[in-house]
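Participant: I'd like to ask you about the structure that follows.
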Amino acid sequence: MFTPLSSSATLGSRPADQPFVLANGWTQRTLFTNQENGLWRAGAGRNGNSNFDMIVQNETGPNAGRYLFTVNESAGGGLVRYDRVTDTPVQLLEGALNGTSYRSLDPIRWTPWGTVVIGEEVANGRLIEITNPLAAPGSIVAIDRPKIGRSSLEGVAWDAKGNLYYQDEDNNGGIYKFVPNNKAADYNPDDPNTSPLAGTGQIFTLRINAANAEQREGVAEWVPLNNPDGTPIPGITDPTVNARQAGDQVNATNYRRPEDMHLVNKDGVEYLVVAATTADAGSSPGRHHVYSIDLSNPDAPQVRSFVDDRVTIDQATGLTLDASSDTFINPDNIAIDAFGDVWIVEDNEPGDIWKATWGANGVAASLARFASLSSLGAEPTGLYFDITNPFRAFVNVQHPSDGIDRMVEFSLASVPEPATWAMMIGGLGLMGAAVRRRSTQVTFG
């Protein structure tokens, strides 16, 4: 789909409003910045970075795809909604919830039942559900959902059975699963207590080797941290209070600061793809990984290195990533496009965006550098593909030195006809059918 870039951007080489070096055939434009009237900005005089982070659209329901949502990864910052029809961003939330400031909001997801969740990337962070995300700013309802567990949150994902996965973004952090007793099919928008996040459920953590928390690949198990009704297990800290401590007590596998995660169905197999931002301990140069977890057997998930920078090939050079001119550094965000391909965003300066080519058994054969951010002091974050057009994506420029965070839109200059999309996507079976339906939604009713 594109010719890979052979190197990263030169810092400061591009204008602030078009800050990426992009693969040929792709264009970029700024949708909005934190300088818009009414948007929250940190710092004295409200003129500092707003720290725009992850991005999502309204994926279902009325006018699906019309709105983009992003969060502020700063103390006090909340939730922004951008209307693509009126070209207008509004601040939906800022300040505090239940007397506690919004703290470093990072993940944001559209739930299978049509709400939005946002999470705090701090120790014992909260998962917060917005039950009416399309409402007027003064009417937004935000509810803390502690039943899923307290953790330093970035990645949030649901599998086909409605189980919720998340991680603990710590250098010794683990991966968790919440199995809700409330079901999405029974959700009543008029009763927030029917949300799958509101009721009780059982929390598990992923473990491969009880004797060695540093063994990160192999056949794993889900170790329960509480009972099916959500009550504590004697001898284990209540995970709804502190999931990290509970995981440590059962020697959960350490995933070296796991950050973003997404579910993807490839060749009929459901994989949870997880970025580990911290390199392996003692490795020189730093050895970085993105992991894939095959969920086919719920009792014995198989964990593999989807990307290992000492094994995975850089398409531009034909060398392994760590031997290329620019090492694959600090993988952070994950995005899945309409074709089931995995995209990886670096937390780095300059930060690169890579597209993975699938190999066998849930492992990437190679990576292609798609874009590189030139803004001084910044990282790219929140890459998200438009549900109405598989050749359009959105990404944030976070904490640049000039203090102007921005959301940027990528688009392919010459877009294939919808019939061509269908041919390209057709091999994905049910997923392809779903994408073909979504791809026709180019206007909002």
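Identifiers in the structure tokens: chain A, B, ... in order shown; residue index from 1 per chain; ligand index from 1 in order shown.
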Using only C-alpha atoms, tabulate the residues of segment 206-268 of chain A lying at most 7 Å from any atom of segment 323-337 of chain A, each with its closest atom pair and that distance in Å to one decimal, by chain and increasing residue number, as a tab-separated table.

Facilitator:
```
residue	atom	partner	partner_atom	distance
A:Glu259	CA	A:Asp332	CA	5.9
A:Asp260	CA	A:Asn333	CA	5.0
A:Met261	CA	A:Ile334	CA	6.1
A:His262	CA	A:Ile334	CA	6.6
```

Participant: Residues at most 7 Å from Ile404 of chain A, counting only C-alpha atoms, excluding those fewer than 6 positions away in the same chain, as a list in words?

Facilitator: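 Within the cut-off, the hits are Thr33, Asn34, Gln35 and Asn49 of chain A.
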
Participant: Take the selection from the previous step and output its residues with C-alpha atoms, as a tab-separated table (two decimals), in the first residue's frame.

Facilitator:
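Final file, again03.tsv:
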```
chain	number	residue	atom	x	y	z
A	33	THR	CA	-5.41	22.36	18.32
A	34	ASN	CA	-5.55	23.06	22.03
A	35	GLN	CA	-5.73	26.76	21.19
A	49	ASN	CA	0.20	21.46	26.69
```

Participant: Which of these, A:Met1, A:Asn251, A:Ile353, A:Pro107, has the shortest distance to Pro416 of chain A once you count only C-alpha atoms?

Facilitator: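 So, comparing all the options, the nearest one is A:Met1.
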
Participant: Considering only C-alpha atoms, give me a table of residues in segment 7-68 of chain A that are at most 12 Å from segment 119-143 of chain A, with the closest atom pair and distance in Å for each, as JSON lines.

Facilitator:
```
{"residue": "A:Gly38", "atom": "CA", "partner": "A:Pro137", "partner_atom": "CA", "distance": 11.2}
{"residue": "A:Leu39", "atom": "CA", "partner": "A:Pro137", "partner_atom": "CA", "distance": 11.8}
{"residue": "A:Asp53", "atom": "CA", "partner": "A:Glu121", "partner_atom": "CA", "distance": 11.1}
{"residue": "A:Met54", "atom": "CA", "partner": "A:Gly119", "partner_atom": "CA", "distance": 10.3}
{"residue": "A:Val56", "atom": "CA", "partner": "A:Pro133", "partner_atom": "CA", "distance": 11.6}
{"residue": "A:Gln57", "atom": "CA", "partner": "A:Pro133", "partner_atom": "CA", "distance": 10.5}
{"residue": "A:Asn58", "atom": "CA", "partner": "A:Leu134", "partner_atom": "CA", "distance": 8.4}
{"residue": "A:Glu59", "atom": "CA", "partner": "A:Pro133", "partner_atom": "CA", "distance": 11.6}
{"residue": "A:Thr60", "atom": "CA", "partner": "A:Leu134", "partner_atom": "CA", "distance": 11.6}
{"residue": "A:Gly61", "atom": "CA", "partner": "A:Leu134", "partner_atom": "CA", "distance": 10.3}
{"residue": "A:Pro62", "atom": "CA", "partner": "A:Leu134", "partner_atom": "CA", "distance": 9.4}
{"residue": "A:Asn63", "atom": "CA", "partner": "A:Leu134", "partner_atom": "CA", "distance": 10.0}
{"residue": "A:Ala64", "atom": "CA", "partner": "A:Leu134", "partner_atom": "CA", "distance": 10.7}
{"residue": "A:Gly65", "atom": "CA", "partner": "A:Leu134", "partner_atom": "CA", "distance": 11.7}
{"residue": "A:Arg66", "atom": "CA", "partner": "A:Leu134", "partner_atom": "CA", "distance": 10.2}
{"residue": "A:Tyr67", "atom": "CA", "partner": "A:Leu134", "partner_atom": "CA", "distance": 8.4}
{"residue": "A:Leu68", "atom": "CA", "partner": "A:Leu134", "partner_atom": "CA", "distance": 10.6}
```

Participant: If you run DSSP on this backbone, which residues of segment 124-257 of chain A come out as strand (DSSP E), and could you give them as a PyMOL selection string?

Facilitator: chain A and resi 127-130+142-144+156-158+164-167+175-180+201-207+218-219+221-224

Participant: Nearest to Pro4 of chain A among A:Gly174, A:Pro301, A:Gly318, A:Pro239, with distances taken over only C-alpha atoms: which residue is it?

Facilitator: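 Looking only at the distances to Pro4 of chain A, the closest residue turns out to be A:Gly318.
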
Participant: So that I can check the surroundings of segment 361-374 of chain A, please list as a short mmCIF file (atom, residue, chain, number, x, y, z; two decimals) with C-alpha atoms, in the first residue's frame every protein, DNA and RNA residue that reaches within 9 Å of it, counting only C-alpha atoms and ignoring chain neighbours fewer than 2 positions away.

Facilitator:
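This went into around_34.cif:
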```
data_model
loop_
_atom_site.label_atom_id
_atom_site.label_comp_id
_atom_site.auth_asym_id
_atom_site.auth_seq_id
_atom_site.Cartn_x
_atom_site.Cartn_y
_atom_site.Cartn_z
CA PHE A 2 3.00 2.37 0.40
CA THR A 3 6.75 2.50 0.01
CA PRO A 4 8.34 2.37 3.48
CA LEU A 5 10.33 5.36 4.72
CA SER A 6 14.00 4.50 5.06
CA SER A 7 14.68 6.75 8.06
CA SER A 8 13.08 8.89 10.74
CA ALA A 9 12.25 12.57 10.37
CA THR A 10 14.79 15.28 11.08
CA LEU A 11 13.56 17.17 14.13
CA GLY A 12 12.21 20.61 13.30
CA SER A 13 12.23 19.94 9.56
CA ARG A 14 8.51 20.44 8.90
CA PRO A 15 5.90 23.13 9.68
CA ALA A 16 3.96 22.66 12.89
CA PRO A 19 4.48 17.92 11.16
CA PHE A 20 4.84 14.39 9.76
CA VAL A 21 7.12 12.98 7.10
CA LEU A 22 4.68 10.62 5.35
CA ALA A 23 4.88 7.76 2.90
CA LYS A 266 -6.72 -12.81 11.87
CA VAL A 269 -8.04 -16.45 15.42
CA TYR A 271 -5.41 -12.10 19.15
CA TYR A 291 3.26 -9.30 22.06
CA SER A 292 0.35 -11.24 20.58
CA ILE A 293 -1.86 -13.39 22.80
CA ASP A 294 -3.81 -16.12 21.01
CA VAL A 303 1.79 -15.64 24.11
CA ARG A 304 4.32 -14.84 21.37
CA SER A 305 6.50 -11.89 20.41
CA PHE A 306 4.53 -10.32 17.59
CA VAL A 307 7.48 -7.94 17.11
CA ASP A 308 10.98 -8.61 18.46
CA VAL A 311 14.16 -10.80 14.78
CA THR A 312 11.57 -8.70 12.90
CA ILE A 313 12.68 -7.25 9.55
CA ASP A 314 12.61 -3.57 8.58
CA GLN A 315 11.14 -3.62 5.06
CA ALA A 316 13.15 -0.56 3.97
CA GLY A 318 15.98 -5.86 4.79
CA THR A 320 16.39 -6.66 11.60
CA LEU A 321 14.97 -3.57 13.26
CA VAL A 342 -1.52 -3.89 13.06
CA TRP A 343 0.03 -0.41 13.27
CA GLU A 349 11.49 11.81 19.55
CA PRO A 350 11.28 11.56 16.60
CA GLY A 351 8.40 9.12 16.94
CA ASP A 352 7.76 6.73 14.06
CA ILE A 353 4.55 4.98 12.99
CA TRP A 354 4.99 1.44 11.62
CA LYS A 355 2.70 -0.97 9.80
CA ALA A 356 3.22 -4.69 10.44
CA THR A 357 3.01 -7.43 7.84
CA TRP A 358 1.56 -10.62 9.29
CA GLY A 359 3.62 -13.80 9.26
CA LEU A 376 10.44 19.15 18.70
CA ALA A 378 6.65 15.76 20.88
CA GLU A 379 5.43 12.20 20.50
CA PRO A 380 2.70 10.89 18.17
CA VAL A 397 0.78 15.41 18.40
#
```

Participant: Could you tell me how far atom CA of Trp113 of chain A sits from atom CA of Asn188 of chain A, in Å to one decimal place?

Facilitator: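 Separation of atom CA of Asn188 of chain A and atom CA of Trp113 of chain A: 9.1 Å.
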
Participant: Enumerate the residues of segment 141-332 of chain A with a DSSP assignment of helix (DSSP H, G or I), computed from the backbone, and present them as JSON, numbers by chain.

Facilitator: {"A": [146, 147, 148, 184, 185, 186, 192, 193, 194, 239, 240, 241, 242, 243, 244, 245, 246, 247, 248, 249, 321, 322, 323]}

Participant: Just want the 12 Å neighbourhood of Arg216 of chain A, counted on only C-alpha atoms, with same-chain residues fewer than 5 positions away dropped. Output as a PyMOL selection string.

Facilitator: chain A and resi 172-175+206-210+252-256+258+274+276+280+289-293+302-306

Participant: Only N, CA and C atoms, please: the residues just picked out, written as a CSV table (one decimal), in the first residue's frame.

Facilitator:
```csv
chain,number,residue,atom,x,y,z
A,172,ASN,N,7.0,-3.2,35.9
A,172,ASN,CA,6.7,-4.6,36.4
A,172,ASN,C,5.2,-5.0,36.2
A,173,GLY,N,4.6,-4.3,35.2
A,173,GLY,CA,3.1,-4.4,35.1
A,173,GLY,C,2.6,-5.7,34.4
A,174,GLY,N,1.4,-6.1,34.7
A,174,GLY,CA,0.8,-7.3,34.2
A,174,GLY,C,-0.4,-7.0,33.3
A,175,ILE,N,-1.0,-8.0,32.8
A,175,ILE,CA,-2.2,-8.0,32.0
A,175,ILE,C,-3.3,-8.6,32.7
A,206,LEU,N,-2.7,-12.5,33.9
A,206,LEU,CA,-2.1,-13.5,33.0
A,206,LEU,C,-0.7,-14.0,33.6
A,207,ARG,N,-0.5,-15.3,33.6
A,207,ARG,CA,0.7,-15.8,34.2
A,207,ARG,C,1.2,-17.0,33.3
A,208,ILE,N,2.5,-17.0,33.0
A,208,ILE,CA,3.1,-18.0,32.2
A,208,ILE,C,3.9,-19.0,33.1
A,209,ASN,N,4.7,-18.5,34.0
A,209,ASN,CA,5.5,-19.3,34.9
A,209,ASN,C,5.5,-18.7,36.3
A,210,ALA,N,4.9,-19.5,37.2
A,210,ALA,CA,4.7,-19.0,38.6
A,210,ALA,C,6.1,-18.8,39.3
A,252,ALA,N,2.2,-12.7,38.9
A,252,ALA,CA,1.8,-12.5,37.5
A,252,ALA,C,3.0,-12.2,36.6
A,253,THR,N,2.9,-12.5,35.3
A,253,THR,CA,3.9,-12.3,34.4
A,253,THR,C,4.2,-10.7,34.2
A,254,ASN,N,5.4,-10.3,34.2
A,254,ASN,CA,5.8,-8.9,34.1
A,254,ASN,C,6.0,-8.6,32.6
A,255,TYR,N,5.2,-7.7,32.1
A,255,TYR,CA,5.2,-7.3,30.7
A,255,TYR,C,5.9,-6.0,30.4
A,256,ARG,N,6.8,-5.6,31.3
A,256,ARG,CA,7.7,-4.5,31.0
A,256,ARG,C,7.0,-3.2,30.5
A,258,PRO,N,3.6,-2.6,30.0
A,258,PRO,CA,2.6,-2.8,28.9
A,258,PRO,C,1.8,-1.5,28.7
A,274,VAL,N,-0.4,-6.5,22.3
A,274,VAL,CA,0.0,-5.6,23.5
A,274,VAL,C,1.4,-5.0,23.2
A,276,ALA,N,4.8,-3.4,24.6
A,276,ALA,CA,5.6,-3.3,25.9
A,276,ALA,C,6.6,-2.2,25.6
A,280,ASP,N,13.7,-5.1,27.4
A,280,ASP,CA,14.0,-6.2,28.3
A,280,ASP,C,15.2,-5.7,29.2
A,289,HIS,N,9.6,-5.2,22.4
A,289,HIS,CA,8.7,-6.2,21.9
A,289,HIS,C,7.3,-5.6,21.8
A,290,VAL,N,6.5,-6.2,20.9
A,290,VAL,CA,5.1,-6.1,20.9
A,290,VAL,C,4.6,-7.6,21.0
A,291,TYR,N,3.7,-7.9,21.9
A,291,TYR,CA,3.3,-9.3,22.1
A,291,TYR,C,1.9,-9.6,21.4
A,292,SER,N,1.7,-10.8,21.0
A,292,SER,CA,0.4,-11.2,20.6
A,292,SER,C,-0.1,-12.4,21.5
A,293,ILE,N,-1.3,-12.4,21.9
A,293,ILE,CA,-1.9,-13.4,22.8
A,293,ILE,C,-3.0,-14.1,22.1
A,302,GLN,N,-1.9,-18.5,24.3
A,302,GLN,CA,-0.5,-18.7,23.8
A,302,GLN,C,0.0,-17.3,23.6
A,303,VAL,N,1.2,-17.0,24.2
A,303,VAL,CA,1.8,-15.6,24.1
A,303,VAL,C,3.0,-15.8,23.3
A,304,ARG,N,3.1,-14.9,22.3
A,304,ARG,CA,4.3,-14.8,21.4
A,304,ARG,C,4.8,-13.4,21.2
A,305,SER,N,6.0,-13.2,20.8
A,305,SER,CA,6.5,-11.9,20.4
A,305,SER,C,6.0,-11.6,19.0
A,306,PHE,N,5.0,-10.7,18.9
A,306,PHE,CA,4.5,-10.3,17.6
A,306,PHE,C,5.6,-9.5,16.9
```

Participant: Report the distance between atom CA of Tyr176 of chain A and atom CA of Ile118 of chain A in Å, rounded to one decimal place.

Facilitator: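 Between atom CA of Tyr176 of chain A and atom CA of Ile118 of chain A the gap is 16.7 Å.
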
Participant: For the atom pair atom CA of Tyr102 of chain A and atom CA of Asp168 of chain A, what is the interatomic distance in Å to one decimal place?

Facilitator: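 Between these atoms lies a distance of 17.7 Å.
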
Participant: Calculated over only C-alpha atoms, which of the candidates A:Asn182, A:Gln245, A:Thr70, A:Asn265 has the smallest distance to Ser152 of chain A?

Facilitator: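 The answer is A:Gln245, which sits nearest to Ser152 of chain A.
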
Participant: Excluding Val90 of chain A and residues on its chain fewer than 5 positions from it, collect all residues at most 9 Å away from it, counting only C-alpha atoms, and give them as an MDAnalysis selection string.

Facilitator: chainID A and resid 36:39 79:83 137

Participant: I want to know what sits within 10 Å of Ser50 of chain A, based on only C-alpha atoms, with residues of the same chain fewer than 3 positions away left out; could you give that as a list in words?

Facilitator: Thr33, Asn34, Gln35, Leu39, Trp40, Arg41, Ala42, Gly43, Arg46, Asn47, Asp53, Val71, Asn72, Glu73, Ser74, Ala75, Gly76, Gly77, Gly78, Gln398, His399, Gly403, Ile404, Asp405 and Arg406 of chain A

Participant: Name the residues in contact with segment 224-232 of chain A at a cut-off of 8 Å, using only C-alpha atoms, excluding same-chain residues fewer than 5 positions from it; report them as a tab-separated table (two decimals) with all heavy atoms, in the first residue's frame.

Facilitator:
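After the write, out.tsv holds the following:
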```
chain	number	residue	atom	x	y	z
A	147	LYS	N	-15.40	-1.78	39.77
A	147	LYS	CA	-15.55	-3.24	39.82
A	147	LYS	C	-14.58	-3.96	38.88
A	147	LYS	O	-14.25	-5.12	39.08
A	147	LYS	CB	-16.99	-3.63	39.45
A	147	LYS	CG	-18.06	-3.06	40.39
A	147	LYS	CD	-18.03	-3.68	41.77
A	147	LYS	CE	-19.09	-3.10	42.69
A	147	LYS	NZ	-20.46	-3.37	42.22
A	181	ASN	N	-20.53	-9.93	35.11
A	181	ASN	CA	-21.78	-10.65	35.31
A	181	ASN	C	-22.94	-9.97	34.60
A	181	ASN	O	-23.91	-10.62	34.22
A	181	ASN	CB	-22.06	-10.80	36.80
A	181	ASN	CG	-21.10	-11.78	37.46
A	181	ASN	OD1	-20.73	-12.80	36.87
A	181	ASN	ND2	-20.64	-11.48	38.67
A	200	THR	N	-20.97	-6.75	39.27
A	200	THR	CA	-19.84	-7.53	39.75
A	200	THR	C	-19.23	-8.35	38.61
A	200	THR	O	-19.80	-8.48	37.53
A	200	THR	CB	-20.27	-8.48	40.87
A	200	THR	OG1	-21.28	-9.37	40.35
A	200	THR	CG2	-20.80	-7.71	42.06
A	201	GLY	N	-18.07	-8.89	38.88
A	201	GLY	CA	-17.39	-9.73	37.91
A	201	GLY	C	-16.12	-10.28	38.50
A	201	GLY	O	-15.71	-9.91	39.60
A	202	GLN	N	-15.48	-11.17	37.76
A	202	GLN	CA	-14.25	-11.79	38.24
A	202	GLN	C	-13.06	-11.22	37.48
A	202	GLN	O	-13.09	-11.07	36.25
A	202	GLN	CB	-14.31	-13.31	38.07
A	202	GLN	CG	-13.16	-14.04	38.76
A	202	GLN	CD	-13.38	-15.54	38.87
A	202	GLN	OE1	-14.12	-16.12	38.07
A	202	GLN	NE2	-12.76	-16.17	39.84
A	203	ILE	N	-11.99	-10.94	38.22
A	203	ILE	CA	-10.77	-10.37	37.66
A	203	ILE	C	-9.68	-11.44	37.67
A	203	ILE	O	-9.49	-12.14	38.67
A	203	ILE	CB	-10.32	-9.13	38.46
A	203	ILE	CG1	-11.41	-8.05	38.41
A	203	ILE	CG2	-9.00	-8.59	37.93
A	203	ILE	CD1	-11.18	-6.90	39.36
A	204	PHE	N	-8.97	-11.55	36.55
A	204	PHE	CA	-7.88	-12.51	36.39
A	204	PHE	C	-6.62	-11.76	35.97
A	204	PHE	O	-6.69	-10.66	35.39
A	204	PHE	CB	-8.21	-13.54	35.30
A	204	PHE	CG	-9.42	-14.38	35.56
A	204	PHE	CD1	-10.70	-13.87	35.28
A	204	PHE	CD2	-9.31	-15.67	36.04
A	204	PHE	CE1	-11.83	-14.65	35.50
A	204	PHE	CE2	-10.44	-16.46	36.26
A	204	PHE	CZ	-11.70	-15.94	35.98
A	205	THR	N	-5.47	-12.37	36.19
A	205	THR	CA	-4.22	-11.85	35.66
A	205	THR	C	-3.51	-12.95	34.88
A	205	THR	O	-3.70	-14.14	35.14
A	205	THR	CB	-3.31	-11.31	36.78
A	205	THR	OG1	-2.20	-10.61	36.19
A	205	THR	CG2	-2.78	-12.42	37.67
A	237	THR	N	-4.92	-9.35	47.86
A	237	THR	CA	-5.48	-8.00	47.93
A	237	THR	C	-6.66	-7.88	46.99
A	237	THR	O	-6.65	-8.42	45.87
A	237	THR	CB	-4.40	-6.97	47.55
A	237	THR	OG1	-3.34	-7.02	48.51
A	237	THR	CG2	-4.95	-5.56	47.50
A	238	ASP	N	-7.70	-7.19	47.42
A	238	ASP	CA	-8.87	-6.97	46.58
A	238	ASP	C	-8.43	-6.21	45.32
A	238	ASP	O	-8.00	-5.06	45.40
A	238	ASP	CB	-9.90	-6.16	47.36
A	238	ASP	CG	-11.21	-5.98	46.60
A	238	ASP	OD1	-11.25	-6.28	45.39
A	238	ASP	OD2	-12.19	-5.50	47.22
A	239	PRO	N	-8.54	-6.81	44.12
A	239	PRO	CA	-8.06	-6.13	42.91
A	239	PRO	C	-8.89	-4.91	42.54
A	239	PRO	O	-8.41	-4.07	41.76
A	239	PRO	CB	-8.15	-7.22	41.84
A	239	PRO	CG	-9.20	-8.16	42.33
A	239	PRO	CD	-9.06	-8.16	43.82
A	246	ALA	N	-2.40	-7.18	43.85
A	246	ALA	CA	-2.99	-8.52	43.77
A	246	ALA	C	-2.23	-9.38	42.76
A	246	ALA	O	-1.93	-10.56	43.01
A	246	ALA	CB	-4.46	-8.42	43.39
A	247	GLY	N	-1.88	-8.80	41.61
A	247	GLY	CA	-1.12	-9.55	40.61
A	247	GLY	C	0.26	-9.94	41.11
A	247	GLY	O	0.73	-11.06	40.86
```

Participant: Which residue gives the smallest distance to Trp222 of chain A among A:Ser151, A:Asn389, A:Asn297, A:Thr100, with only C-alpha atoms counted?

Facilitator: A:Asn297
